[in-house]
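Participant: For reference, this is structure17.tsv, and it has TSV, C-alpha atoms.
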chain	number	residue	atom	x	y	z
A	25	MET	CA	-18.65	8.18	17.87
A	26	THR	CA	-18.22	11.64	19.29
A	27	THR	CA	-16.41	13.96	16.93
A	28	THR	CA	-14.34	16.98	17.89
A	29	ILE	CA	-13.46	19.80	15.56
A	30	GLU	CA	-10.86	21.48	17.78
A	31	HIS	CA	-8.78	19.65	20.35
A	32	PRO	CA	-7.23	21.41	23.30
A	33	HIS	CA	-3.45	21.03	23.42
A	34	ASP	CA	-3.32	19.19	20.10
A	35	VAL	CA	-0.56	19.74	17.54
A	36	ARG	CA	-1.68	23.37	17.46
A	37	GLY	CA	-1.73	23.98	21.20
A	38	GLY	CA	-4.67	25.92	22.58
A	39	GLU	CA	-7.17	25.63	25.35
A	40	ALA	CA	-6.70	24.01	28.70
A	41	PRO	CA	-8.13	20.57	29.31
A	42	GLY	CA	-11.79	20.64	30.07
A	43	GLN	CA	-12.51	23.57	27.81
A	44	GLY	CA	-14.01	23.52	24.33
A	45	ARG	CA	-15.84	20.65	22.77
A	46	GLU	CA	-15.79	17.06	23.92
A	47	ARG	CA	-12.74	15.23	22.64
A	48	ASP	CA	-12.58	12.25	20.31
A	49	ALA	CA	-10.75	9.29	21.90
A	50	LEU	CA	-9.94	7.74	18.52
A	51	LEU	CA	-8.10	10.82	17.30
A	52	ASP	CA	-6.29	11.35	20.60
A	53	ASN	CA	-5.16	7.73	20.65
A	54	ALA	CA	-3.97	8.02	17.05
A	55	LYS	CA	-2.11	11.24	17.77
A	56	PHE	CA	-0.23	9.71	20.69
A	57	LEU	CA	0.68	6.64	18.62
A	58	LEU	CA	1.90	8.82	15.76
A	59	ILE	CA	3.91	11.19	17.95
A	60	ALA	CA	5.60	8.16	19.53
A	61	LEU	CA	6.52	6.99	16.01
A	62	VAL	CA	7.88	10.47	15.23
A	63	VAL	CA	10.19	10.26	18.25
A	64	ILE	CA	11.21	6.69	17.44
A	65	GLY	CA	11.90	7.60	13.81
A	66	HIS	CA	14.18	10.49	14.73
A	67	ALA	CA	15.87	8.47	17.46
A	68	ILE	CA	16.76	5.43	15.34
A	69	GLU	CA	17.88	7.35	12.26
A	70	PRO	CA	21.58	7.36	13.28
A	71	LEU	CA	21.40	3.53	13.54
A	72	THR	CA	20.14	2.97	10.01
A	73	ASP	CA	23.68	2.49	8.68
A	74	ASP	CA	24.39	-0.25	11.23
A	75	THR	CA	21.62	-2.74	10.61
A	76	ARG	CA	19.14	-3.49	7.86
A	77	LEU	CA	16.35	-3.87	10.41
A	78	ALA	CA	16.84	-0.30	11.66
A	79	ASP	CA	16.91	0.98	8.09
A	80	ALA	CA	13.72	-0.90	7.20
A	81	ALA	CA	11.92	0.21	10.38
A	82	TYR	CA	12.89	3.82	9.74
A	83	TYR	CA	11.68	3.71	6.14
A	84	TRP	CA	8.42	2.00	7.10
A	85	VAL	CA	7.60	4.56	9.80
A	86	TYR	CA	8.29	7.41	7.40
A	87	LEU	CA	5.94	5.97	4.82
A	88	PHE	CA	2.93	7.10	6.82
A	89	HIS	CA	3.58	8.76	10.18
A	90	MET	CA	3.73	12.39	8.99
A	91	PRO	CA	1.07	12.01	6.26
A	92	ALA	CA	-1.22	10.61	8.96
A	93	PHE	CA	-0.40	13.47	11.31
A	94	VAL	CA	-1.09	15.99	8.55
A	95	LEU	CA	-4.45	14.37	7.77
A	96	ILE	CA	-5.51	14.52	11.41
A	97	SER	CA	-4.38	18.15	11.55
A	98	GLY	CA	-6.60	18.88	8.58
A	99	TYR	CA	-9.54	17.14	10.22
A	100	LEU	CA	-9.06	19.26	13.34
A	101	SER	CA	-8.82	22.47	11.28
A	102	LYS	CA	-12.34	22.37	9.85
A	103	SER	CA	-13.50	25.28	11.98
A	104	PHE	CA	-10.77	27.68	10.86
A	105	ASP	CA	-12.66	30.52	9.21
A	106	GLY	CA	-10.07	33.28	9.04
A	107	SER	CA	-11.68	35.28	11.85
A	108	TRP	CA	-9.44	37.43	14.00
A	109	ARG	CA	-9.81	35.05	16.94
A	110	ARG	CA	-8.64	32.14	14.78
A	111	ILE	CA	-5.77	34.20	13.41
A	112	ASP	CA	-4.72	35.16	16.94
A	113	LYS	CA	-4.70	31.50	17.95
A	114	LEU	CA	-2.71	30.59	14.87
A	115	LEU	CA	-0.10	33.22	15.69
A	116	THR	CA	0.23	32.22	19.34
A	117	THR	CA	0.17	28.43	18.94
A	118	VAL	CA	1.99	27.96	15.62
A	119	ALA	CA	3.91	31.03	14.44
A	120	ALA	CA	5.41	32.03	17.80
A	121	PRO	CA	6.57	28.49	18.74
A	122	TYR	CA	8.05	28.16	15.24
A	123	LEU	CA	10.28	31.20	15.77
A	124	ILE	CA	11.23	30.17	19.30
A	125	PHE	CA	12.19	26.62	18.42
A	126	TRP	CA	13.89	27.66	15.20
A	127	GLY	CA	16.19	29.65	17.46
A	128	VAL	CA	16.56	26.81	19.96
A	129	TYR	CA	17.52	24.25	17.33
A	130	ALA	CA	19.77	26.77	15.60
A	131	LEU	CA	21.77	27.08	18.82
A	132	VAL	CA	21.88	23.30	19.18
A	133	SER	CA	23.06	22.93	15.59
A	134	LEU	CA	25.79	25.52	16.08
A	135	ALA	CA	26.96	23.76	19.23
A	136	MET	CA	27.18	20.48	17.32
A	137	GLY	CA	28.85	21.98	14.26
A	138	ARG	CA	25.88	21.43	11.97
A	139	ASP	CA	24.99	23.67	9.04
A	140	LEU	CA	22.19	26.22	9.41
A	141	PRO	CA	19.59	27.43	6.90
A	142	ALA	CA	19.97	30.94	5.51
A	143	GLY	CA	17.42	32.33	7.96
A	144	PRO	CA	14.20	31.72	9.91
A	145	LEU	CA	12.12	31.64	6.72
A	146	GLU	CA	13.82	28.32	5.94
A	147	PRO	CA	12.61	25.69	8.44
A	148	LEU	CA	15.24	23.99	10.57
A	149	TRP	CA	14.81	20.23	11.05
A	150	LEU	CA	11.47	19.43	12.68
A	151	THR	CA	10.22	23.04	12.64
A	152	TRP	CA	9.08	22.47	9.03
A	153	PHE	CA	5.77	21.08	10.28
A	154	LEU	CA	4.85	24.31	12.06
A	155	ALA	CA	5.67	26.37	8.99
A	156	ALA	CA	3.57	24.07	6.83
A	157	LEU	CA	0.70	24.00	9.32
A	158	PHE	CA	0.65	27.80	9.39
A	159	VAL	CA	0.21	27.96	5.61
A	160	TRP	CA	-2.24	25.06	5.44
A	161	ARG	CA	-4.54	26.53	8.05
A	162	LEU	CA	-4.56	29.92	6.40
A	163	SER	CA	-5.71	28.19	3.23
A	164	VAL	CA	-8.71	26.45	4.85
A	165	PRO	CA	-11.27	29.06	3.75
A	166	VAL	CA	-10.04	28.68	0.17
A	167	TRP	CA	-10.48	24.90	0.20
A	168	ASN	CA	-13.91	25.31	1.74
A	169	ARG	CA	-14.92	27.37	-1.29
A	170	ILE	CA	-13.58	25.02	-3.97
A	171	ARG	CA	-16.04	22.50	-5.40
A	172	TRP	CA	-13.64	19.55	-5.56
A	173	PRO	CA	-10.98	20.42	-3.00
A	174	PHE	CA	-9.44	16.96	-2.64
A	175	THR	CA	-9.03	16.46	-6.39
A	176	VAL	CA	-7.59	19.93	-6.83
A	177	SER	CA	-5.11	19.39	-3.97
A	178	ILE	CA	-3.84	16.18	-5.58
A	179	ALA	CA	-3.39	18.00	-8.90
A	180	VAL	CA	-1.48	20.80	-7.14
A	181	SER	CA	0.74	18.29	-5.38
A	182	LEU	CA	1.55	16.38	-8.57
A	183	LEU	CA	2.06	19.42	-10.77
A	184	SER	CA	4.26	21.09	-8.19
A	185	GLY	CA	6.70	18.25	-8.72
A	186	ALA	CA	7.67	19.87	-12.02
A	187	VAL	CA	8.69	23.13	-10.30
A	188	ALA	CA	11.83	23.90	-8.33
A	189	THR	CA	10.19	25.02	-5.08
A	190	GLY	CA	13.19	26.19	-3.06
A	191	ASP	CA	13.54	26.18	0.74
A	192	VAL	CA	11.38	29.12	1.89
A	193	LEU	CA	8.91	27.83	4.52
A	194	GLY	CA	9.62	24.29	3.29
A	195	ALA	CA	7.45	24.98	0.23
A	196	SER	CA	7.95	21.54	-1.28
A	197	ARG	CA	6.56	19.79	1.78
A	198	ILE	CA	3.66	22.23	1.93
A	199	VAL	CA	2.50	21.40	-1.58
A	200	SER	CA	3.59	17.74	-1.58
A	201	LEU	CA	1.67	16.88	1.59
A	202	LEU	CA	-1.24	19.20	0.80
A	203	PRO	CA	-3.61	16.34	-0.24
A	204	PHE	CA	-3.33	14.85	3.25
A	205	PHE	CA	-4.32	18.12	4.92
A	206	VAL	CA	-7.20	18.70	2.50
A	207	GLY	CA	-8.13	15.03	2.85
A	208	GLY	CA	-8.54	15.68	6.56
A	209	LEU	CA	-10.73	18.68	5.84
A	210	VAL	CA	-13.15	16.62	3.72
A	211	LEU	CA	-13.05	13.58	6.01
A	212	GLN	CA	-16.36	12.94	7.74
A	213	PRO	CA	-17.23	11.02	10.93
A	214	ARG	CA	-18.93	8.34	8.84
A	215	HIS	CA	-15.61	7.62	7.16
A	216	LEU	CA	-14.01	7.01	10.55
A	217	GLU	CA	-16.90	4.74	11.45
A	218	LEU	CA	-16.33	2.75	8.28
A	219	LEU	CA	-12.69	2.19	9.20
A	220	GLN	CA	-13.75	0.50	12.45
A	221	ARG	CA	-15.48	-2.41	10.70
A	222	THR	CA	-13.95	-5.81	11.35
A	223	ARG	CA	-13.14	-6.66	7.74
A	224	VAL	CA	-11.49	-3.26	7.25
A	225	ARG	CA	-9.37	-3.81	10.34
A	226	VAL	CA	-8.28	-7.23	9.07
A	227	TRP	CA	-7.31	-5.66	5.75
A	228	SER	CA	-5.48	-2.89	7.62
A	229	ALA	CA	-3.43	-5.34	9.66
A	230	GLY	CA	-2.46	-7.21	6.50
A	231	LEU	CA	-1.44	-4.00	4.77
A	232	MET	CA	0.75	-2.91	7.68
A	233	LEU	CA	2.53	-6.27	7.76
A	234	ALA	CA	2.94	-6.43	3.98
A	235	SER	CA	4.34	-2.90	3.77
A	236	ALA	CA	6.80	-3.58	6.60
A	237	ALA	CA	7.99	-6.76	4.87
A	238	THR	CA	8.37	-4.90	1.58
A	239	CYS	CA	10.51	-2.25	3.23
A	240	TYR	CA	12.80	-4.94	4.61
A	241	LEU	CA	13.06	-7.03	1.43
A	242	TYR	CA	13.41	-4.24	-1.14
A	243	LEU	CA	14.92	-1.46	0.91
A	244	GLU	CA	18.03	-1.04	-1.22
A	245	ARG	CA	15.87	-0.07	-4.20
A	246	LEU	CA	13.98	2.72	-2.43
A	247	SER	CA	15.16	6.33	-2.15
A	248	ARG	CA	14.32	8.12	1.08
A	249	GLU	CA	13.46	11.26	-0.82
A	250	TRP	CA	10.12	9.66	-1.73
A	251	ILE	CA	9.14	9.57	1.95
A	252	TYR	CA	10.71	12.86	3.05
A	253	TRP	CA	8.53	14.92	0.66
A	254	ARG	CA	11.09	17.73	1.04
A	255	GLU	CA	12.14	18.12	-2.60
A	256	SER	CA	10.13	18.36	-5.78
A	257	ILE	CA	10.81	16.03	-8.68
A	258	ALA	CA	12.54	18.92	-10.45
A	259	ASP	CA	14.72	19.60	-7.39
A	260	ARG	CA	15.83	15.96	-7.48
A	261	GLY	CA	16.79	16.22	-11.13
A	262	MET	CA	14.37	13.44	-12.07
A	263	GLU	CA	12.32	13.18	-15.24
A	264	LEU	CA	8.59	13.59	-14.68
A	265	LEU	CA	7.92	10.50	-16.80
A	266	PRO	CA	8.08	7.56	-16.61
A	267	VAL	CA	9.23	7.61	-12.96
A	268	GLY	CA	8.71	11.01	-11.35
A	269	LEU	CA	4.96	11.65	-11.37
A	270	PRO	CA	3.91	7.96	-11.20
A	271	GLY	CA	6.34	7.47	-8.31
A	272	ARG	CA	4.94	10.42	-6.36
A	273	LEU	CA	1.39	9.24	-6.98
A	274	MET	CA	2.25	5.71	-5.89
A	275	PHE	CA	3.80	6.87	-2.60
A	276	MET	CA	0.84	9.19	-2.04
A	277	VAL	CA	-1.65	6.35	-2.48
A	278	LEU	CA	0.42	4.11	-0.21
A	279	ALA	CA	0.60	6.81	2.47
A	280	PHE	CA	-3.18	7.29	2.33
A	281	ALA	CA	-3.76	3.55	2.58
A	282	LEU	CA	-1.41	3.20	5.56
A	283	THR	CA	-2.97	6.24	7.22
A	284	ALA	CA	-6.38	4.61	6.87
A	285	ALA	CA	-4.92	1.41	8.31
A	286	VAL	CA	-3.53	3.27	11.33
A	287	LEU	CA	-6.88	4.92	12.03
A	288	SER	CA	-8.61	1.58	11.56
A	289	LEU	CA	-6.36	-0.25	14.02
A	290	THR	CA	-6.28	2.52	16.62
A	291	PRO	CA	-8.60	1.86	19.59
A	292	ARG	CA	-11.66	4.10	19.63
A	293	ARG	CA	-12.21	3.65	23.38
A	294	THR	CA	-10.60	5.77	26.07
A	295	THR	CA	-7.17	4.39	27.01
A	296	HIS	CA	-4.16	5.58	29.00
A	297	ALA	CA	-2.93	7.26	25.79
A	298	THR	CA	-6.09	9.28	25.20
A	299	ARG	CA	-5.22	12.09	27.58
A	300	LEU	CA	-1.62	12.12	26.35
A	301	GLY	CA	-2.80	12.54	22.78
A	302	ALA	CA	-3.79	16.08	23.70
A	303	LEU	CA	-0.16	16.95	24.48
A	304	THR	CA	1.56	16.15	21.21
A	305	MET	CA	2.88	19.68	20.65
A	306	TYR	CA	5.13	19.36	23.69
A	307	VAL	CA	6.48	16.02	22.56
A	308	TYR	CA	7.01	17.16	18.98
A	309	LEU	CA	8.90	20.34	19.76
A	310	LEU	CA	10.98	19.08	22.69
A	311	HIS	CA	12.00	15.55	21.69
A	312	GLY	CA	14.62	16.81	19.24
A	313	LEU	CA	16.66	18.08	22.19
A	314	PHE	CA	16.90	14.53	23.53
A	315	VAL	CA	17.82	13.10	20.13
A	316	ARG	CA	20.52	15.70	19.57
A	317	GLY	CA	21.69	15.28	23.16
A	318	ALA	CA	22.01	11.52	22.80
A	319	ASP	CA	24.07	12.03	19.68
A	320	ALA	CA	26.34	14.61	21.33
A	321	LEU	CA	26.88	12.38	24.38
A	322	GLY	CA	27.96	9.47	22.22
A	323	TRP	CA	25.00	7.17	22.79
A	324	TYR	CA	24.95	5.83	19.26
A	325	ASP	CA	28.64	4.99	19.19
A	326	PHE	CA	28.39	3.33	22.59
A	327	ALA	CA	25.22	1.39	21.78
A	328	GLY	CA	26.57	0.18	18.46
A	329	SER	CA	29.81	-1.14	19.96
A	330	ALA	CA	28.54	-2.39	23.34
A	331	LEU	CA	25.12	-3.76	22.37
A	332	GLY	CA	25.34	-4.56	18.70
A	333	GLY	CA	22.99	-3.43	15.98
A	334	HIS	CA	19.71	-5.11	16.96
A	335	LEU	CA	20.01	-4.54	20.70
A	336	ALA	CA	21.01	-0.94	20.10
A	337	LEU	CA	17.91	-0.52	17.96
A	338	GLY	CA	15.67	-2.02	20.64
A	339	ALA	CA	17.20	0.02	23.45
A	340	THR	CA	16.98	3.25	21.44
A	341	ALA	CA	13.36	2.60	20.49
A	342	LEU	CA	12.44	1.90	24.12
A	343	GLY	CA	14.25	5.04	25.18
A	344	ALA	CA	12.28	7.01	22.59
A	345	VAL	CA	9.01	5.70	24.00
A	346	GLY	CA	10.20	6.72	27.47
A	347	VAL	CA	11.01	10.23	26.24
A	348	THR	CA	7.53	10.45	24.70
A	349	TYR	CA	5.92	9.72	28.06
A	350	LEU	CA	8.36	11.99	29.90
A	351	LEU	CA	7.52	14.98	27.74
A	352	CYS	CA	3.83	14.53	28.53
A	353	THR	CA	4.37	14.93	32.28
A	354	ALA	CA	2.95	17.95	34.08
A	355	TRP	CA	6.28	19.21	35.36
A	356	VAL	CA	7.82	19.23	31.88
A	357	ARG	CA	4.82	21.14	30.55
A	358	ARG	CA	5.06	23.68	33.36
A	359	ALA	CA	8.77	24.19	32.74
A	360	THR	CA	8.45	24.61	28.97
A	361	ARG	CA	5.06	26.25	28.52
A	362	TRP	CA	6.76	29.61	27.94
A	363	ALA	CA	8.22	28.20	24.71
A	364	VAL	CA	5.56	25.76	23.52
A	365	GLU	CA	2.62	28.03	24.35
A	366	PRO	CA	4.30	31.44	24.60
A	367	PRO	CA	2.29	34.28	26.19
A	368	VAL	CA	2.40	36.65	23.23
A	369	GLU	CA	-1.13	38.02	23.59
A	370	LEU	CA	0.26	41.45	24.55
A	371	MET	CA	1.60	41.77	21.00
A	372	LEU	CA	-1.88	41.27	19.53
A	373	ARG	CA	-4.86	43.59	19.30
A	374	SER	CA	-7.58	43.11	21.85
A	375	GLY	CA	-10.21	42.91	19.12
A	376	PRO	CA	-10.63	42.91	15.35
A	377	ALA	CA	-8.45	45.18	13.26
A	378	PRO	CA	-9.89	48.66	12.54
A	379	GLY	CA	-12.17	48.54	9.54
A	380	ALA	CA	-12.56	44.73	9.68
A	381	ALA	CA	-16.00	43.34	8.94
A	382	PRO	CA	-17.91	41.82	11.87
A	383	GLU	CA	-17.27	38.11	12.25
A	384	SER	CA	-20.93	37.32	11.78
A	385	ALA	CA	-21.10	39.19	8.48
A	386	PRO	CA	-20.35	37.46	5.18
A	387	ALA	CA	-16.98	38.22	3.65
Written as structure tokens, how would this file's structure read?

Facilitator:
Amino acid sequence: MTTTIEHPHDVRGGEAPGQGRERDALLDNAKFLLIALVVIGHAIEPLTDDTRLADAAYYWVYLFHMPAFVLISGYLSKSFDGSWRRIDKLLTTVAAPYLIFWGVYALVSLAMGRDLPAGPLEPLWLTWFLAALFVWRLSVPVWNRIRWPFTVSIAVSLLSGAVATGDVLGASRIVSLLPFFVGGLVLQPRHLELLQRTRVRVWSAGLMLASAATCYLYLERLSREWIYWRESIADRGMELLPVGLPGRLMFMVLAFALTAAVLSLTPRRTTHATRLGALTMYVYLLHGLFVRGADALGWYDFAGSALGGHLALGATALGAVGVTYLLCTAWVRRATRWAVEPPVELMLRSGPAPGAAPESAPA
């Protein structure tokens, strides 16, 4: 299997198609599948009070879709070395879009009468992922120096549950989901090869079905805060033992298992979704406008009354898939490139900062 370290137009944006290293069809297929689940999850959330099936589907998707995305992001961040070129790319493809879309969704929230965070340092809705990705990628050189990075990241994630993390940069999500990012960093191509074995794929299919059934049968006993990863155990006012730390560890293990199952069941060959998997940044940042727009236009009230719970769920999910494909089209990318991939190079130095060591020299 061909392995790519950096993908053009992945969740971090970047080079134009055809540049850089050869792409990995497995990862692109997985990214498109996961971004479609992100859109579906956000789209069906307003329906979760209407039908148990919508509630169960929402919970099941949230068990793994963002942990899996974070793991893939870690895998694609292996080459981040802290050089000025990497920092420039991080600023232009993560930091700048974060500020732009924080402002965009702030305006949307004001128009809809929703509350706003105290300021841009507190992520607004889906912008949390960009804030977290910015911090995670900056930390890559540190994890590359640690002897047991994956073990240490799990310890950090668990121990952080005892601390009130606050809302700055979505700190709780940064540390809670850290093991998935570091897991991606230590993941090797041979591990992906192992997931493609027939017996592993059979196990993966069984796990996906069993977890979906569990969400439906025992949904009323499960708090969504376990799958949002947005608050520490201390922030939730929960005792660390006997529920807090074991609960976080259990959901972490389950998310890793389901992430492995997704990668196992994803086709490794080139499909119609492979090219679209390179465009996930556009889908991620723009789909919230459609979800908020549908809410403002009364879609959920209409669908619930005219179609009923299950049909409304199906129609909304299909619409979400349609939006995913729409946001991958060339004309949408041309119209929104100024925001998703803003041309901020004029604000950056043309070379390394004065006094910086040459990139080829050891730190």

Participant: When you draw a straight line from atom CA of Trp362 of chain A to atom CA of Ile68 of chain A, how long is it in Å?

Facilitator: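 Atom CA of Trp362 of chain A sits 29.0 Å away from atom CA of Ile68 of chain A.
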
Participant: Show which residues sit within 8 Å of Ala67 of chain A, as a list in words. Count all atoms listed in the file, and ignore same-chain residues fewer than 5 positions away.

Facilitator: Val315, Thr340, Ala341 and Ala344 of chain A

Participant: So which one's closest to Gly230 of chain A, A:Val128, A:Met371, A:Ala285, A:Val166? Using only C-alpha atoms, please.

Facilitator: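 Nearest candidate to Gly230 of chain A out of A:Val128, A:Met371, A:Ala285, A:Val166: A:Ala285.
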
Participant: Which one of A:Val164, A:Leu77, A:Ala186, A:Val347 sits closest to Leu265 of chain A if you count all atoms listed in the file?

Facilitator: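 Between A:Val164, A:Leu77, A:Ala186, A:Val347, the residue approaching Leu265 of chain A most closely is A:Ala186.
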
Participant: Pick out the closest residue to Phe280 of chain A from this set: A:Gly208, A:Gly312, A:Gly332, A:Pro165. Count all atoms listed in the file.

Facilitator: A:Gly208

Participant: I'd like to know which of A:Val286, A:Ala156, A:Ala60, A:Ala80 is closest to Tyr122 of chain A, using all atoms listed in the file.

Facilitator: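 With all atoms listed in the file as the atom set, the closest residue is A:Ala156.
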
Participant: Give the answer as one residue: which of A:Met305, A:Leu218, A:Met262, A:Val187 has the shortest atom-to-atom distance to Val62 of chain A, using only C-alpha atoms?

Facilitator: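 The answer is A:Met305, which sits nearest to Val62 of chain A.
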
Participant: How many Å lie between atom CA of Arg225 of chain A and atom CA of Leu289 of chain A, rounded to one decimal?

Facilitator: 5.9 Å

Participant: Would you mind telling me which residue in A:Ser133, A:Thr117, A:Asn53, A:Ser235 lies nearest to Arg316 of chain A when using all atoms listed in the file?

Facilitator: A:Ser133

Participant: Could you tell me, as a short mmCIF file (atom, residue, chain, number, x, y, z; two decimals) with C-alpha atoms, keeping the file's coordinate frame, which residues have any atom at most 10 Å from (-8.3, 2.3, 6.2), counting all atoms listed in the file?

Facilitator:
data_model
loop_
_atom_site.label_atom_id
_atom_site.label_comp_id
_atom_site.auth_asym_id
_atom_site.auth_seq_id
_atom_site.Cartn_x
_atom_site.Cartn_y
_atom_site.Cartn_z
CA HIS A 215 -15.61 7.62 7.16
CA LEU A 216 -14.01 7.01 10.55
CA LEU A 218 -16.33 2.75 8.28
CA LEU A 219 -12.69 2.19 9.20
CA GLN A 220 -13.75 0.50 12.45
CA ARG A 221 -15.48 -2.41 10.70
CA VAL A 224 -11.49 -3.26 7.25
CA ARG A 225 -9.37 -3.81 10.34
CA VAL A 226 -8.28 -7.23 9.07
CA TRP A 227 -7.31 -5.66 5.75
CA SER A 228 -5.48 -2.89 7.62
CA ALA A 229 -3.43 -5.34 9.66
CA LEU A 231 -1.44 -4.00 4.77
CA PHE A 280 -3.18 7.29 2.33
CA ALA A 281 -3.76 3.55 2.58
CA LEU A 282 -1.41 3.20 5.56
CA THR A 283 -2.97 6.24 7.22
CA ALA A 284 -6.38 4.61 6.87
CA ALA A 285 -4.92 1.41 8.31
CA VAL A 286 -3.53 3.27 11.33
CA LEU A 287 -6.88 4.92 12.03
CA SER A 288 -8.61 1.58 11.56
CA LEU A 289 -6.36 -0.25 14.02
#

Participant: Please report the interatomic distance between atom CA of Asp52 of chain A and atom CA of Leu300 of chain A in Å with one decimal.

Facilitator: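 Between atom CA of Asp52 of chain A and atom CA of Leu300 of chain A the gap is 7.4 Å.
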
Participant: Would you be able to write out as an MDAnalysis selection string which residues have an atom within 12 Å of (2.6, 8.7, 5.8) in the file's coordinates, counting all atoms listed in the file?

Facilitator: chainID A and resid 58 61:62 83:96 200:201 203:205 232 235 250:253 275:287

Participant: Using only C-alpha atoms, please write the residues we just selected to a file, as a compact mmCIF listing (two decimals), in the frame of the given file.

Facilitator:
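File written: part.txt
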# COMPACT_ATOMS: atom_id res chain seq x y z
CA LEU A 58 1.90 8.82 15.76
CA LEU A 61 6.52 6.99 16.01
CA VAL A 62 7.88 10.47 15.23
CA TYR A 83 11.68 3.71 6.14
CA TRP A 84 8.42 2.00 7.10
CA VAL A 85 7.60 4.56 9.80
CA TYR A 86 8.29 7.41 7.40
CA LEU A 87 5.94 5.97 4.82
CA PHE A 88 2.93 7.10 6.82
CA HIS A 89 3.58 8.76 10.18
CA MET A 90 3.73 12.39 8.99
CA PRO A 91 1.07 12.01 6.26
CA ALA A 92 -1.22 10.61 8.96
CA PHE A 93 -0.40 13.47 11.31
CA VAL A 94 -1.09 15.99 8.55
CA LEU A 95 -4.45 14.37 7.77
CA ILE A 96 -5.51 14.52 11.41
CA SER A 200 3.59 17.74 -1.58
CA LEU A 201 1.67 16.88 1.59
CA PRO A 203 -3.61 16.34 -0.24
CA PHE A 204 -3.33 14.85 3.25
CA PHE A 205 -4.32 18.12 4.92
CA MET A 232 0.75 -2.91 7.68
CA SER A 235 4.34 -2.90 3.77
CA TRP A 250 10.12 9.66 -1.73
CA ILE A 251 9.14 9.57 1.95
CA TYR A 252 10.71 12.86 3.05
CA TRP A 253 8.53 14.92 0.66
CA PHE A 275 3.80 6.87 -2.60
CA MET A 276 0.84 9.19 -2.04
CA VAL A 277 -1.65 6.35 -2.48
CA LEU A 278 0.42 4.11 -0.21
CA ALA A 279 0.60 6.81 2.47
CA PHE A 280 -3.18 7.29 2.33
CA ALA A 281 -3.76 3.55 2.58
CA LEU A 282 -1.41 3.20 5.56
CA THR A 283 -2.97 6.24 7.22
CA ALA A 284 -6.38 4.61 6.87
CA ALA A 285 -4.92 1.41 8.31
CA VAL A 286 -3.53 3.27 11.33
CA LEU A 287 -6.88 4.92 12.03

Participant: Name the residues in contact with Val159 of chain A at a cut-off of 9 Å, using all atoms listed in the file, excluding same-chain residues fewer than 4 positions from it; report them as a list in words.

Facilitator: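 These residues fall inside the cut-off: Leu154, Ala155, Ser163, Leu193 and Ile198 of chain A.
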
Participant: Which neighbours of segment 334-338 of chain A fall inside 8 Å, counting only C-alpha atoms, when residues of the same chain fewer than 4 positions from it are skipped, and could you give them as JSON, numbers by chain?

Facilitator: {"A": [68, 71, 75, 77, 78, 324, 327, 328, 342]}

Participant: Quick one: what's the axis-aligned box for segment 349-364 of chain A, all listed atoms, 5 Å on every side, centre and edges in Å to one decimal, as JSON?

Facilitator:
{"center_x": 5.9, "center_y": 19.7, "center_z": 29.4, "size_x": 15.8, "size_y": 29.9, "size_z": 21.8}

Participant: Please identify all polymer residues within 8 Å of Leu269 of chain A, counting all atoms listed in the file, omitting same-chain residues fewer than 4 positions from it, and present them as a list in words.

Facilitator: Leu182, Gly185, Ile257, Leu264, Leu265 and Leu273 of chain A

Participant: Which residues, written as a list of chain:residue names, have at least one atom at most 7 Å from Val364 of chain A, with all atoms listed in the file counted and residues fewer than 4 positions away on the same chain left out?

Facilitator: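 Everything that qualifies: A:Pro121, A:Tyr306, A:Thr360.
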
Participant: Please produce segment 170-178 of chain A, completed to N, CA and C atoms, as a CSV table (one decimal), keeping the file's coordinate frame.

Facilitator:
chain,number,residue,atom,x,y,z
A,170,ILE,N,-13.8,25.7,-2.7
A,170,ILE,CA,-13.6,25.0,-4.0
A,170,ILE,C,-14.5,23.8,-4.0
A,171,ARG,N,-15.0,23.5,-5.2
A,171,ARG,CA,-16.0,22.5,-5.4
A,171,ARG,C,-15.5,21.1,-5.2
A,172,TRP,N,-14.3,20.9,-5.7
A,172,TRP,CA,-13.6,19.6,-5.6
A,172,TRP,C,-12.3,19.7,-4.9
A,173,PRO,N,-12.2,20.1,-3.6
A,173,PRO,CA,-11.0,20.4,-3.0
A,173,PRO,C,-9.9,19.3,-3.0
A,174,PHE,N,-10.4,18.1,-2.7
A,174,PHE,CA,-9.4,17.0,-2.6
A,174,PHE,C,-8.8,16.7,-4.0
A,175,THR,N,-9.6,16.7,-5.0
A,175,THR,CA,-9.0,16.5,-6.4
A,175,THR,C,-8.1,17.6,-6.8
A,176,VAL,N,-8.5,18.8,-6.5
A,176,VAL,CA,-7.6,19.9,-6.8
A,176,VAL,C,-6.3,19.9,-6.0
A,177,SER,N,-6.3,19.5,-4.8
A,177,SER,CA,-5.1,19.4,-4.0
A,177,SER,C,-4.2,18.3,-4.5
A,178,ILE,N,-4.7,17.2,-5.0
A,178,ILE,CA,-3.8,16.2,-5.6
A,178,ILE,C,-3.2,16.7,-6.8
